[in-house]
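**Student:** Contents are TSV, C-alpha atoms; file name coords27.tsv:
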chain	number	residue	atom	x	y	z
A	18	MET	CA	-41.45	67.39	-31.19
A	19	LYS	CA	-42.37	65.46	-28.04
A	20	GLU	CA	-45.85	64.30	-27.37
A	21	LYS	CA	-47.44	63.68	-23.98
A	22	ASN	CA	-46.96	60.12	-22.69
A	23	ASP	CA	-44.71	59.36	-25.64
A	24	VAL	CA	-43.78	55.70	-26.15
A	25	VAL	CA	-41.19	53.91	-28.30
A	26	VAL	CA	-40.37	50.23	-28.77
A	27	LEU	CA	-36.84	48.84	-28.92
A	28	THR	CA	-36.01	45.40	-30.30
A	29	GLY	CA	-33.02	43.21	-31.11
A	30	GLY	CA	-31.39	40.15	-29.66
A	31	GLY	CA	-29.49	36.92	-29.93
A	32	THR	CA	-26.10	38.43	-29.05
A	33	VAL	CA	-24.88	41.14	-26.69
A	34	GLY	CA	-24.01	43.27	-29.72
A	35	HIS	CA	-27.67	43.27	-30.75
A	36	VAL	CA	-28.72	44.60	-27.35
A	37	MET	CA	-26.12	47.00	-25.98
A	38	LEU	CA	-26.95	50.00	-28.16
A	39	ASN	CA	-30.58	49.66	-27.12
A	40	LYS	CA	-29.43	49.59	-23.50
A	41	LEU	CA	-27.50	52.84	-24.07
A	42	LEU	CA	-30.58	54.48	-25.58
A	43	ILE	CA	-32.86	53.64	-22.62
A	44	PRO	CA	-31.60	56.34	-20.18
A	45	GLU	CA	-31.45	58.91	-22.98
A	46	LEU	CA	-35.09	58.23	-23.91
A	47	LEU	CA	-36.14	58.45	-20.27
A	48	ASN	CA	-34.33	61.78	-19.99
A	49	GLU	CA	-36.53	63.02	-22.85
A	50	ASP	CA	-39.68	61.87	-21.04
A	51	ILE	CA	-40.09	59.04	-23.55
A	52	LYS	CA	-41.17	55.67	-22.18
A	53	PRO	CA	-39.26	52.79	-23.83
A	54	TYR	CA	-40.57	49.24	-24.02
A	55	TYR	CA	-38.68	46.22	-25.31
A	56	ILE	CA	-39.81	43.33	-27.50
A	57	GLY	CA	-37.49	40.34	-27.49
A	58	SER	CA	-37.41	36.56	-27.45
A	59	LYS	CA	-38.57	34.40	-24.55
A	60	THR	CA	-35.16	33.01	-23.64
A	61	GLY	CA	-32.52	35.11	-25.46
A	62	ILE	CA	-29.68	37.01	-23.83
A	63	GLU	CA	-31.59	40.26	-24.43
A	64	LYS	CA	-34.20	39.29	-21.82
A	65	GLU	CA	-31.70	39.26	-18.95
A	66	ILE	CA	-29.87	42.39	-20.10
A	67	ILE	CA	-32.97	44.50	-20.65
A	68	GLU	CA	-34.92	43.39	-17.58
A	69	SER	CA	-31.96	44.55	-15.48
A	70	SER	CA	-32.49	48.01	-17.00
A	71	GLY	CA	-35.89	48.24	-15.34
A	72	ILE	CA	-38.07	48.72	-18.42
A	73	GLU	CA	-41.04	46.58	-19.40
A	74	TYR	CA	-40.10	43.57	-21.52
A	75	HIS	CA	-42.50	41.78	-23.89
A	76	SER	CA	-41.62	38.28	-25.14
A	77	ILE	CA	-42.60	36.97	-28.55
A	78	SER	CA	-42.15	33.71	-30.42
A	79	SER	CA	-39.10	33.76	-32.69
A	80	GLY	CA	-37.29	31.35	-34.98
A	81	LYS	CA	-33.82	31.24	-36.45
A	82	LEU	CA	-33.30	32.47	-40.01
A	83	ARG	CA	-30.97	30.22	-42.00
A	84	ARG	CA	-29.25	30.70	-45.35
A	85	TYR	CA	-29.18	26.94	-45.95
A	86	ILE	CA	-31.86	24.27	-46.48
A	87	SER	CA	-32.93	22.59	-43.26
A	88	PHE	CA	-36.06	20.89	-41.96
A	89	GLU	CA	-35.81	23.33	-39.04
A	90	ASN	CA	-36.65	26.14	-41.46
A	91	PHE	CA	-40.16	24.76	-41.93
A	92	LYS	CA	-40.77	24.69	-38.18
A	93	ASP	CA	-39.34	28.16	-37.76
A	94	ILE	CA	-41.65	29.61	-40.41
A	95	PHE	CA	-44.49	28.95	-37.97
A	96	LYS	CA	-42.52	30.45	-35.07
A	97	VAL	CA	-41.77	33.62	-37.04
A	98	THR	CA	-45.39	33.88	-38.19
A	99	LYS	CA	-46.58	33.53	-34.59
A	100	GLY	CA	-43.96	36.13	-33.59
A	101	ILE	CA	-45.44	38.62	-36.07
A	102	PHE	CA	-48.88	38.20	-34.53
A	103	ASP	CA	-47.39	38.41	-30.99
A	104	ALA	CA	-45.55	41.62	-31.90
A	105	ARG	CA	-48.52	43.09	-33.70
A	106	ARG	CA	-50.71	42.55	-30.65
A	107	THR	CA	-48.13	44.23	-28.39
A	108	LEU	CA	-47.59	47.16	-30.77
A	109	ARG	CA	-51.32	47.80	-31.10
A	110	LYS	CA	-51.54	47.95	-27.32
A	111	LEU	CA	-48.48	50.21	-26.82
A	112	LYS	CA	-49.05	52.48	-29.84
A	113	PRO	CA	-45.37	53.48	-30.11
A	114	ARG	CA	-44.16	56.51	-31.99
A	115	PHE	CA	-41.57	54.30	-33.71
A	116	VAL	CA	-39.71	50.98	-33.46
A	117	PHE	CA	-35.90	50.99	-33.21
A	118	SER	CA	-34.30	47.68	-34.20
A	119	LYS	CA	-30.72	46.60	-33.55
A	120	GLY	CA	-31.00	43.35	-35.49
A	121	GLY	CA	-30.96	39.66	-34.69
A	122	PHE	CA	-33.60	37.07	-35.56
A	123	VAL	CA	-36.16	38.30	-33.05
A	124	SER	CA	-36.26	41.74	-34.67
A	125	VAL	CA	-37.74	40.54	-37.98
A	126	PRO	CA	-41.26	39.72	-36.68
A	127	VAL	CA	-41.31	43.05	-34.81
A	128	VAL	CA	-40.29	45.04	-37.90
A	129	LEU	CA	-42.85	43.24	-40.09
A	130	ALA	CA	-45.58	43.81	-37.50
A	131	ALA	CA	-44.68	47.51	-37.22
A	132	LYS	CA	-44.76	47.91	-41.00
A	133	SER	CA	-48.22	46.30	-41.14
A	134	LEU	CA	-49.42	48.91	-38.62
A	135	ASN	CA	-47.73	51.84	-40.42
A	136	ILE	CA	-45.38	52.46	-37.48
A	137	PRO	CA	-42.02	53.97	-38.56
A	138	VAL	CA	-39.08	51.58	-38.23
A	139	TYR	CA	-35.46	52.66	-37.69
A	140	ILE	CA	-32.70	50.07	-38.01
A	141	HIS	CA	-29.08	50.17	-36.89
A	142	GLU	CA	-26.48	48.03	-38.67
A	143	SER	CA	-23.10	47.67	-36.95
A	144	ASP	CA	-21.23	45.42	-39.39
A	145	ILE	CA	-19.89	46.14	-42.86
A	146	SER	CA	-22.40	43.85	-44.58
A	147	PRO	CA	-25.85	43.34	-43.04
A	148	GLY	CA	-26.80	40.00	-41.56
A	149	LEU	CA	-29.79	38.10	-42.91
A	150	ALA	CA	-32.15	39.58	-40.30
A	151	ASN	CA	-31.27	43.17	-41.20
A	152	LYS	CA	-31.31	42.36	-44.92
A	153	ILE	CA	-34.94	41.34	-44.56
A	154	ALA	CA	-35.87	44.06	-42.08
A	155	GLY	CA	-34.12	46.73	-44.13
A	156	LYS	CA	-36.65	46.33	-46.93
A	157	PHE	CA	-39.37	47.53	-44.53
A	158	ALA	CA	-37.36	50.18	-42.69
A	159	THR	CA	-38.07	53.88	-42.73
A	160	LYS	CA	-34.36	54.60	-42.20
A	161	ILE	CA	-31.16	52.58	-41.75
A	162	PHE	CA	-28.28	53.94	-39.66
A	163	VAL	CA	-24.86	52.40	-40.35
A	164	THR	CA	-21.56	52.25	-38.47
A	165	PHE	CA	-19.24	51.61	-41.43
A	166	GLU	CA	-19.33	54.02	-44.36
A	167	LYS	CA	-18.70	51.02	-46.62
A	168	THR	CA	-22.08	49.57	-45.54
A	169	LEU	CA	-23.80	52.17	-47.74
A	170	ASN	CA	-22.82	49.90	-50.66
A	171	TYR	CA	-24.96	47.07	-49.23
A	172	VAL	CA	-28.18	48.89	-48.30
A	173	ASP	CA	-30.69	51.20	-49.95
A	174	LYS	CA	-28.79	54.50	-50.07
A	175	ASN	CA	-32.05	56.44	-50.32
A	176	LYS	CA	-32.93	55.57	-46.74
A	177	ALA	CA	-29.49	54.99	-45.23
A	178	GLU	CA	-27.34	57.33	-43.15
A	179	TYR	CA	-23.75	56.86	-42.04
A	180	ILE	CA	-23.38	57.91	-38.40
A	181	GLY	CA	-20.24	56.01	-37.38
A	182	PRO	CA	-19.92	54.17	-34.07
A	183	VAL	CA	-22.02	55.06	-31.05
A	184	ILE	CA	-19.65	55.90	-28.22
A	185	ARG	CA	-19.97	54.65	-24.65
A	186	GLU	CA	-18.80	57.91	-23.15
A	187	GLU	CA	-17.77	56.38	-19.82
A	188	LEU	CA	-14.96	54.52	-21.61
A	189	LEU	CA	-13.29	57.83	-22.41
A	190	HIS	CA	-12.69	58.60	-18.73
A	191	GLY	CA	-10.30	55.86	-17.67
A	192	SER	CA	-7.59	56.49	-15.08
A	193	GLU	CA	-4.23	54.75	-15.13
A	194	THR	CA	-3.87	55.42	-11.41
A	195	ILE	CA	-7.11	53.57	-10.70
A	196	ALA	CA	-5.96	50.75	-13.03
A	197	GLN	CA	-2.79	50.45	-10.95
A	198	ASP	CA	-4.90	50.14	-7.80
A	199	ILE	CA	-7.08	47.46	-9.42
A	200	THR	CA	-4.25	45.36	-10.85
A	201	GLY	CA	-1.23	46.18	-8.71
A	202	PHE	CA	0.73	46.58	-11.96
A	203	ASP	CA	3.63	48.93	-12.62
A	204	SER	CA	2.56	51.69	-15.06
A	205	SER	CA	6.09	51.95	-16.44
A	206	LYS	CA	5.90	48.40	-17.88
A	207	LYS	CA	4.10	47.46	-21.09
A	208	THR	CA	0.67	45.97	-20.50
A	209	ILE	CA	-1.44	43.90	-22.88
A	210	MET	CA	-5.11	43.01	-22.48
A	211	PHE	CA	-6.98	39.97	-23.79
A	212	VAL	CA	-10.73	40.34	-24.30
A	213	GLY	CA	-12.73	37.39	-25.62
A	214	GLY	CA	-16.18	38.99	-25.72
A	215	SER	CA	-19.09	38.78	-23.30
A	216	LEU	CA	-18.91	34.99	-22.99
A	217	GLY	CA	-15.17	34.69	-23.39
A	218	ALA	CA	-13.40	32.95	-26.29
A	219	LYS	CA	-12.09	29.44	-25.70
A	220	SER	CA	-9.36	29.59	-28.32
A	221	ILE	CA	-8.02	32.88	-26.95
A	222	ASN	CA	-8.31	31.75	-23.34
A	223	ASP	CA	-6.51	28.48	-24.07
A	224	ILE	CA	-3.59	30.10	-25.85
A	225	VAL	CA	-3.16	32.63	-23.02
A	226	HIS	CA	-3.35	29.97	-20.30
A	227	GLU	CA	-0.92	27.68	-22.10
A	228	ASN	CA	1.64	30.41	-22.82
A	229	ILE	CA	1.37	32.63	-19.79
A	230	ASP	CA	5.05	32.23	-18.86
A	231	GLU	CA	6.18	33.39	-22.30
A	232	LEU	CA	3.70	36.29	-22.36
A	233	THR	CA	4.68	37.58	-18.92
A	234	LYS	CA	8.39	37.68	-19.80
A	235	ASP	CA	7.86	40.92	-21.70
A	236	PHE	CA	4.40	42.12	-20.66
A	237	GLN	CA	2.00	42.58	-17.83
A	238	VAL	CA	-1.15	40.71	-18.88
A	239	ILE	CA	-4.79	41.59	-18.17
A	240	HIS	CA	-7.10	38.75	-19.19
A	241	ILE	CA	-10.90	39.02	-19.34
A	242	THR	CA	-11.82	35.32	-19.50
A	243	GLY	CA	-15.63	35.25	-19.52
A	244	ALA	CA	-17.78	33.51	-16.93
A	245	GLY	CA	-16.45	30.25	-15.51
A	246	ASN	CA	-13.06	30.46	-17.24
A	247	ILE	CA	-10.77	31.56	-14.41
A	248	LYS	CA	-7.73	29.32	-13.84
A	249	ASP	CA	-7.09	29.48	-10.10
A	250	ASP	CA	-3.79	27.62	-10.42
A	251	LEU	CA	-2.33	30.32	-12.70
A	252	GLN	CA	-0.50	32.81	-10.52
A	253	SER	CA	2.01	35.43	-11.63
A	254	GLU	CA	2.94	38.91	-10.49
A	255	ASN	CA	2.49	40.00	-14.11
A	256	TYR	CA	-0.88	38.30	-14.79
A	257	ARG	CA	-4.37	39.29	-13.69
A	258	GLN	CA	-7.51	37.46	-14.79
A	259	TYR	CA	-11.13	38.54	-14.40
A	260	GLU	CA	-14.32	36.77	-15.49
A	261	PHE	CA	-16.05	40.04	-16.25
A	262	VAL	CA	-15.42	43.72	-15.65
A	263	GLN	CA	-17.81	46.63	-15.82
A	264	HIS	CA	-16.89	49.83	-13.99
A	265	GLU	CA	-13.22	48.80	-14.10
A	266	LEU	CA	-13.12	48.51	-17.90
A	267	PRO	CA	-12.30	52.16	-18.77
A	268	HIS	CA	-9.36	52.08	-16.36
A	269	LEU	CA	-8.01	48.74	-17.61
A	270	PHE	CA	-8.22	49.98	-21.21
A	271	LYS	CA	-6.38	53.15	-20.19
A	272	MET	CA	-3.45	51.12	-18.86
A	273	SER	CA	-3.24	48.75	-21.85
A	274	ASP	CA	-0.72	49.29	-24.64
A	275	VAL	CA	-2.15	46.57	-26.91
A	276	VAL	CA	-5.55	44.87	-26.84
A	277	ILE	CA	-6.09	41.37	-28.26
A	278	SER	CA	-9.74	40.90	-29.11
A	279	ARG	CA	-12.44	39.33	-31.23
A	280	SER	CA	-13.65	41.74	-33.92
A	281	GLY	CA	-17.27	42.49	-33.24
A	282	SER	CA	-17.84	45.99	-34.59
A	283	ASN	CA	-18.91	47.55	-31.28
A	284	ALA	CA	-15.78	46.34	-29.50
A	285	ILE	CA	-13.25	47.32	-32.15
A	286	TYR	CA	-14.73	50.75	-32.73
A	287	GLU	CA	-14.48	51.41	-29.00
A	288	LEU	CA	-10.80	50.46	-29.17
A	289	LEU	CA	-10.37	52.76	-32.18
A	290	LEU	CA	-11.96	55.68	-30.35
A	291	LEU	CA	-9.71	54.97	-27.36
A	292	LYS	CA	-6.68	54.86	-29.71
A	293	LYS	CA	-5.74	51.36	-28.58
A	294	PRO	CA	-3.59	49.40	-31.08
A	295	MET	CA	-5.14	45.97	-31.48
A	296	LEU	CA	-4.53	42.41	-32.58
A	297	LEU	CA	-7.80	40.99	-33.87
A	298	ILE	CA	-8.69	37.29	-33.89
A	299	PRO	CA	-12.09	37.15	-35.62
A	300	LEU	CA	-14.65	34.42	-35.11
A	301	PRO	CA	-14.07	31.82	-37.84
A	302	LEU	CA	-16.61	30.96	-40.54
A	303	SER	CA	-17.41	27.77	-38.67
A	304	GLN	CA	-18.93	29.92	-35.89
A	305	SER	CA	-20.22	32.97	-37.79
A	306	ARG	CA	-21.33	34.34	-41.14
A	307	GLY	CA	-17.94	36.00	-41.60
A	308	ASP	CA	-18.85	39.49	-40.37
A	309	GLN	CA	-15.99	39.57	-37.84
A	310	ILE	CA	-13.51	38.57	-40.55
A	311	GLU	CA	-14.75	41.45	-42.74
A	312	ASN	CA	-14.55	43.89	-39.83
A	313	ALA	CA	-11.04	42.80	-38.87
A	314	HIS	CA	-9.56	43.07	-42.36
A	315	TYR	CA	-11.19	46.46	-42.88
A	316	PHE	CA	-9.47	47.71	-39.72
A	317	LYS	CA	-6.17	46.21	-40.87
A	318	SER	CA	-6.52	47.99	-44.25
A	319	LYS	CA	-6.89	51.28	-42.35
A	320	GLY	CA	-3.73	50.65	-40.32
A	321	TYR	CA	-5.58	50.34	-37.00
A	322	ALA	CA	-4.89	46.67	-36.30
A	323	GLU	CA	-3.18	43.41	-37.18
A	324	VAL	CA	-5.20	40.25	-37.81
A	325	ILE	CA	-4.69	36.53	-37.21
A	326	GLU	CA	-7.34	34.16	-38.52
A	327	GLU	CA	-8.23	31.59	-35.86
A	328	GLU	CA	-7.18	28.72	-38.15
A	329	GLU	CA	-3.70	30.26	-38.32
A	330	LEU	CA	-3.43	31.11	-34.61
A	331	THR	CA	-0.22	29.83	-33.00
A	332	PRO	CA	1.56	31.00	-29.84
A	333	LYS	CA	4.61	32.19	-31.80
A	334	LYS	CA	2.56	34.12	-34.37
A	335	MET	CA	0.47	35.75	-31.67
A	336	ILE	CA	3.43	36.79	-29.55
A	337	ASP	CA	5.36	38.06	-32.59
A	338	PHE	CA	2.38	40.22	-33.61
A	339	ILE	CA	1.92	41.56	-30.08
A	340	LYS	CA	5.60	42.58	-29.94
A	341	LYS	CA	5.36	44.19	-33.38
A	342	ILE	CA	2.31	46.23	-32.35
A	343	ALA	CA	3.77	47.20	-28.96
A	344	ASN	CA	7.06	48.31	-30.54
A	345	ASN	CA	5.27	50.38	-33.19
A	346	LYS	CA	2.45	51.67	-31.02
A	347	THR	CA	2.81	55.30	-32.09
A	348	GLU	CA	2.37	54.41	-35.78
A	349	TYR	CA	-0.95	52.67	-35.13
A	350	ILE	CA	-2.13	55.56	-32.97
A	351	LYS	CA	-1.17	58.02	-35.69
A	352	GLN	CA	-3.44	56.14	-38.12
A	353	MET	CA	-6.26	56.01	-35.57
A	354	GLU	CA	-6.09	59.76	-35.07
A	355	GLN	CA	-7.25	60.21	-38.69
A	356	PHE	CA	-10.66	58.79	-37.74
A	357	LYS	CA	-13.00	61.63	-36.80
A	358	SER	CA	-16.45	60.03	-36.96
A	359	GLY	CA	-18.79	58.76	-34.26
A	360	THR	CA	-21.80	59.83	-32.27
A	361	THR	CA	-23.23	59.42	-28.78
A	362	ALA	CA	-26.38	57.68	-27.55
A	363	LYS	CA	-27.73	61.13	-26.67
A	364	ARG	CA	-27.22	62.48	-30.19
A	365	LEU	CA	-28.68	59.35	-31.77
A	366	THR	CA	-31.73	59.65	-29.50
A	367	GLU	CA	-32.19	63.27	-30.55
A	368	LYS	CA	-31.90	62.26	-34.20
A	369	LEU	CA	-34.54	59.54	-33.80
A	370	LEU	CA	-36.95	61.92	-32.09
A	371	GLU	CA	-36.49	64.48	-34.86
A	372	GLU	CA	-37.31	62.02	-37.66
Starting from the file, give its structure as C-alpha cells.
**Tutor:**
Amino acid sequence: MKEKNDVVVLTGGGTVGHVMLNKLLIPELLNEDIKPYYIGSKTGIEKEIIESSGIEYHSISSGKLRRYISFENFKDIFKVTKGIFDARRTLRKLKPRFVFSKGGFVSVPVVLAAKSLNIPVYIHESDISPGLANKIAGKFATKIFVTFEKTLNYVDKNKAEYIGPVIREELLHGSETIAQDITGFDSSKKTIMFVGGSLGAKSINDIVHENIDELTKDFQVIHITGAGNIKDDLQSENYRQYEFVQHELPHLFKMSDVVISRSGSNAIYELLLLKKPMLLIPLPLSQSRGDQIENAHYFKSKGYAEVIEEEELTPKKMIDFIKKIANNKTEYIKQMEQFKSGTTAKRLTEKLLEE
C-alpha cells in the first residue's frame, strides 16, 4: 500500500549491468508516485547513467572487494567503512521505504547501512552464481530475486525468488523495414550482428576488422564497436559499424539472423526473449570472475547458443560457428521457444511495493 511522499533508494554500480535494471525501475516508481533516489560511487559509471535519468544522486566512498590477498585490501577496508557511514547518513535523511540493490562493490556499504537502520533490503542477482558483493549483501537481504533458476542453489532459498529476466519491452517492437532504412541492407540476405558490450570488446572488434572481407562474402554485417572504435577506412556495401545505438537497437536486432556477443546475463536473456540464435564469446578469467563463462555454457546446454572461449577464438572457428548457427537457425529458435519465464520492470516494481 502506498504512503504519502513515499521514497525508495536504489543502489548498484561498477558496470552497466549493475545499473540498467535500476534505470528501468525509475520511471515505473515515478508512475506509482514513489520518489527514487540513488546511492552510488563518486566516479563509477553509475553516476553518469543515473544522473541522466534526472533523479537525485548521492555519492559515497567505496572500495573494491577482492578474493585475493593484497595491500590494497587494507586501504579499502577504510573506504568501505567510510562508505557505510556515508550511506547511513544519507538513509537516515531520506528515510526510504526500502533499498533495492543491483550489486557491485558500491552496494555493500549501502546494504550494511540499511540493515543497521532496519530498512528492508531487496537484492537482484543476474548471474548464475553471485559475485562477492552480492554474496556479502545477500546475508543481510530481506529478499533476493534471481534471473537464473539455477541460482537458487547458491543463495538462501528461504528468502530467494526466481523471477527470470526483466524484459526491456521496447526491444520487442523492432521493425525490419526501419532496420533497412537505417542500414541500407537487403532484407532477403542473411545478416549477422556483433555486439561487444557497452564499451565494446577489443578481441571481437579486432577479429571483425581483420576478417571483414571473409565475413561479408556470405553475410551482411552490423557491428556495434563501442566508443572510439570505428574504423573509417573499412568500407563495404555489406558492412555497417556504429559506436553505440539506442533507439535503433530493436530494429537492428529484428533484422539480424545471428548475434555474436559477450555473455553478460542481461544481454543474452534479451537475445533469448527475442529468439535470436547467438554465438557467445565470454569474457575470459583474466578479465572476470568467470560469470560470463558460466552464463554462456548454461545457454549452450539449453540449445540456445554456441560458445567460443576467447583463448580459442580464431577467424576460421568463428566463421564456421556463424555459418552453422545461420544454417540451423530454426533449430535454435525451436529451443528458445521452450523458455516461458521473464517479467517486466512494471511487474517487478509492483512486487517490490507489495513486499
**Student:** To one decimal in Å, tell me the separation between atom CA of A:Ile94 and atom CA of A:Val125.
**Tutor:**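 Distance reported for this atom pair: 11.9 Å.
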**Student:** Could you jot down the atom CA of A:Asn312 to atom CA of A:Ser58 separation for me, Å, one decimal place?
**Tutor:**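 Spanning atom CA of A:Asn312 to atom CA of A:Ser58 is a straight-line distance of 27.0 Å.
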**Student:** Please produce, as JSON lines, a per-residue contact table for stretch 101-208 of chain A versus stretch 277-296 of chain A (criterion: any atom at most 9 Å away, all atoms listed in the file considered), showing the nearest atom pair and its distance in Å to one decimal, sorted by chain then residue number.
**Tutor:**
{"residue": "A:Ser143", "atom": "CA", "partner": "A:Ser282", "partner_atom": "CA", "distance": 6.0}
{"residue": "A:Asp144", "atom": "CA", "partner": "A:Ser282", "partner_atom": "CA", "distance": 5.9}
{"residue": "A:Ile145", "atom": "CA", "partner": "A:Ser282", "partner_atom": "CA", "distance": 8.5}
{"residue": "A:Thr164", "atom": "CA", "partner": "A:Ser282", "partner_atom": "CA", "distance": 8.3}
{"residue": "A:Phe165", "atom": "CA", "partner": "A:Ser282", "partner_atom": "CA", "distance": 9.0}
{"residue": "A:Gly181", "atom": "CA", "partner": "A:Tyr286", "partner_atom": "CA", "distance": 8.9}
{"residue": "A:Pro182", "atom": "CA", "partner": "A:Tyr286", "partner_atom": "CA", "distance": 6.4}
{"residue": "A:Val183", "atom": "CA", "partner": "A:Asn283", "partner_atom": "CA", "distance": 8.1}
{"residue": "A:Ile184", "atom": "CA", "partner": "A:Glu287", "partner_atom": "CA", "distance": 6.9}
{"residue": "A:Arg185", "atom": "CA", "partner": "A:Glu287", "partner_atom": "CA", "distance": 7.7}
{"residue": "A:Leu188", "atom": "CA", "partner": "A:Leu291", "partner_atom": "CA", "distance": 7.8}
{"residue": "A:Leu189", "atom": "CA", "partner": "A:Leu291", "partner_atom": "CA", "distance": 6.7}
**Student:** Restricted to C-alpha atoms, what would the selected residues look like written as a PDB file, keeping the file's coordinate frame?
**Tutor:**
ATOM      1  CA  SER A 143     -23.100  47.670 -36.950  1.00  0.00           C
ATOM      2  CA  ASP A 144     -21.230  45.420 -39.390  1.00  0.00           C
ATOM      3  CA  ILE A 145     -19.890  46.140 -42.860  1.00  0.00           C
ATOM      4  CA  THR A 164     -21.560  52.250 -38.470  1.00  0.00           C
ATOM      5  CA  PHE A 165     -19.240  51.610 -41.430  1.00  0.00           C
ATOM      6  CA  GLY A 181     -20.240  56.010 -37.380  1.00  0.00           C
ATOM      7  CA  PRO A 182     -19.920  54.170 -34.070  1.00  0.00           C
ATOM      8  CA  VAL A 183     -22.020  55.060 -31.050  1.00  0.00           C
ATOM      9  CA  ILE A 184     -19.650  55.900 -28.220  1.00  0.00           C
ATOM     10  CA  ARG A 185     -19.970  54.650 -24.650  1.00  0.00           C
ATOM     11  CA  LEU A 188     -14.960  54.520 -21.610  1.00  0.00           C
ATOM     12  CA  LEU A 189     -13.290  57.830 -22.410  1.00  0.00           C
TER      13      LEU A 189
END
**Student:** Kindly indicate which residue among A:Ile247, A:Val33, A:Val97, A:Leu27 lies nearest to A:Lys52, using all atoms listed in the file for the distances.
**Tutor:**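 Going through A:Ile247, A:Val33, A:Val97, A:Leu27 one by one, the smallest distance to A:Lys52 is for A:Leu27.
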**Student:** In Å, rounded to a single decimal, give me how far atom CA of A:Gln258 is from atom CA of A:Gly245.
**Tutor:**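 Taking atom CA of A:Gly245 and atom CA of A:Gln258, their separation equals 11.5 Å.
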**Student:** Which residues are near stretch 227-241 of chain A? Cut-off 8 Å, all atoms listed in the file, ignore same chain within fewer than 4 positions. Put them as a PyMOL selection string.
**Tutor:** chain A and resi 202+206-213+217+223+255-262+269+332+336
**Student:** Of the candidates A:Asp103, A:Tyr321, A:Val26, A:Ala196, which shows the shortest atom-to-atom distance to A:Asn345, using only C-alpha atoms?
**Tutor:**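 Among the listed residues, the smallest separation from A:Asn345 belongs to A:Tyr321.
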**Student:** My list of candidates is A:Asn222, A:Thr242, A:Ser118, A:Ser253. Which is closest to A:Gly201 when distances are computed with all atoms listed in the file?
**Tutor:**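 Nearest to A:Gly201: A:Ser253.
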**Student:** Draw an axis-aligned box tight on the listed atoms of stretch 357-366 of chain A, then pad every side by 5 Å and write out centre and edge lengths in Å to one decimal as AutoDock Vina command-line options.
**Tutor:**
--center_x -22.4 --center_y 60.1 --center_z -31.8 --size_x 28.7 --size_y 14.8 --size_z 20.3
**Student:** Compare A:Leu330, A:Ile140, A:Leu302, A:Val127 by their minimum atom-to-atom distance to A:His75, counting only C-alpha atoms, and give me the closest one.
**Tutor:**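 Going through A:Leu330, A:Ile140, A:Leu302, A:Val127 one by one, the smallest distance to A:His75 is for A:Val127.
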**Student:** Select stretch 28-32 of chain A in the preceding structure and write all heavy atoms to a file as a PDB file, in the first residue's frame.
**Tutor:**
ATOM      1  N   THR A  28      20.502   1.251  -5.524  1.00  0.00           N
ATOM      2  CA  THR A  28      21.966   1.260  -5.494  1.00  0.00           C
ATOM      3  C   THR A  28      22.505   0.164  -6.397  1.00  0.00           C
ATOM      4  O   THR A  28      21.798  -0.767  -6.765  1.00  0.00           O
ATOM      5  CB  THR A  28      22.496   1.096  -4.057  1.00  0.00           C
ATOM      6  OG1 THR A  28      23.919   1.310  -4.055  1.00  0.00           O
ATOM      7  CG2 THR A  28      22.198  -0.295  -3.499  1.00  0.00           C
ATOM      8  N   GLY A  29      23.776   0.280  -6.716  1.00  0.00           N
ATOM      9  CA  GLY A  29      24.444  -0.680  -7.600  1.00  0.00           C
ATOM     10  C   GLY A  29      25.369   0.056  -8.539  1.00  0.00           C
ATOM     11  O   GLY A  29      25.099   1.193  -8.912  1.00  0.00           O
ATOM     12  N   GLY A  30      26.469  -0.569  -8.911  1.00  0.00           N
ATOM     13  CA  GLY A  30      27.373   0.122  -9.818  1.00  0.00           C
ATOM     14  C   GLY A  30      28.628  -0.655 -10.130  1.00  0.00           C
ATOM     15  O   GLY A  30      28.811  -1.791  -9.711  1.00  0.00           O
ATOM     16  N   GLY A  31      29.481  -0.002 -10.906  1.00  0.00           N
ATOM     17  CA  GLY A  31      30.735  -0.621 -11.329  1.00  0.00           C
ATOM     18  C   GLY A  31      30.696  -1.060 -12.776  1.00  0.00           C
ATOM     19  O   GLY A  31      31.680  -0.946 -13.499  1.00  0.00           O
ATOM     20  N   THR A  32      29.547  -1.588 -13.217  1.00  0.00           N
ATOM     21  CA  THR A  32      29.353  -1.961 -14.621  1.00  0.00           C
ATOM     22  C   THR A  32      27.952  -1.525 -15.051  1.00  0.00           C
ATOM     23  O   THR A  32      27.085  -1.278 -14.205  1.00  0.00           O
ATOM     24  CB  THR A  32      29.460  -3.491 -14.830  1.00  0.00           C
ATOM     25  OG1 THR A  32      28.342  -4.133 -14.191  1.00  0.00           O
ATOM     26  CG2 THR A  32      30.753  -4.044 -14.259  1.00  0.00           C
TER      27      THR A  32
END
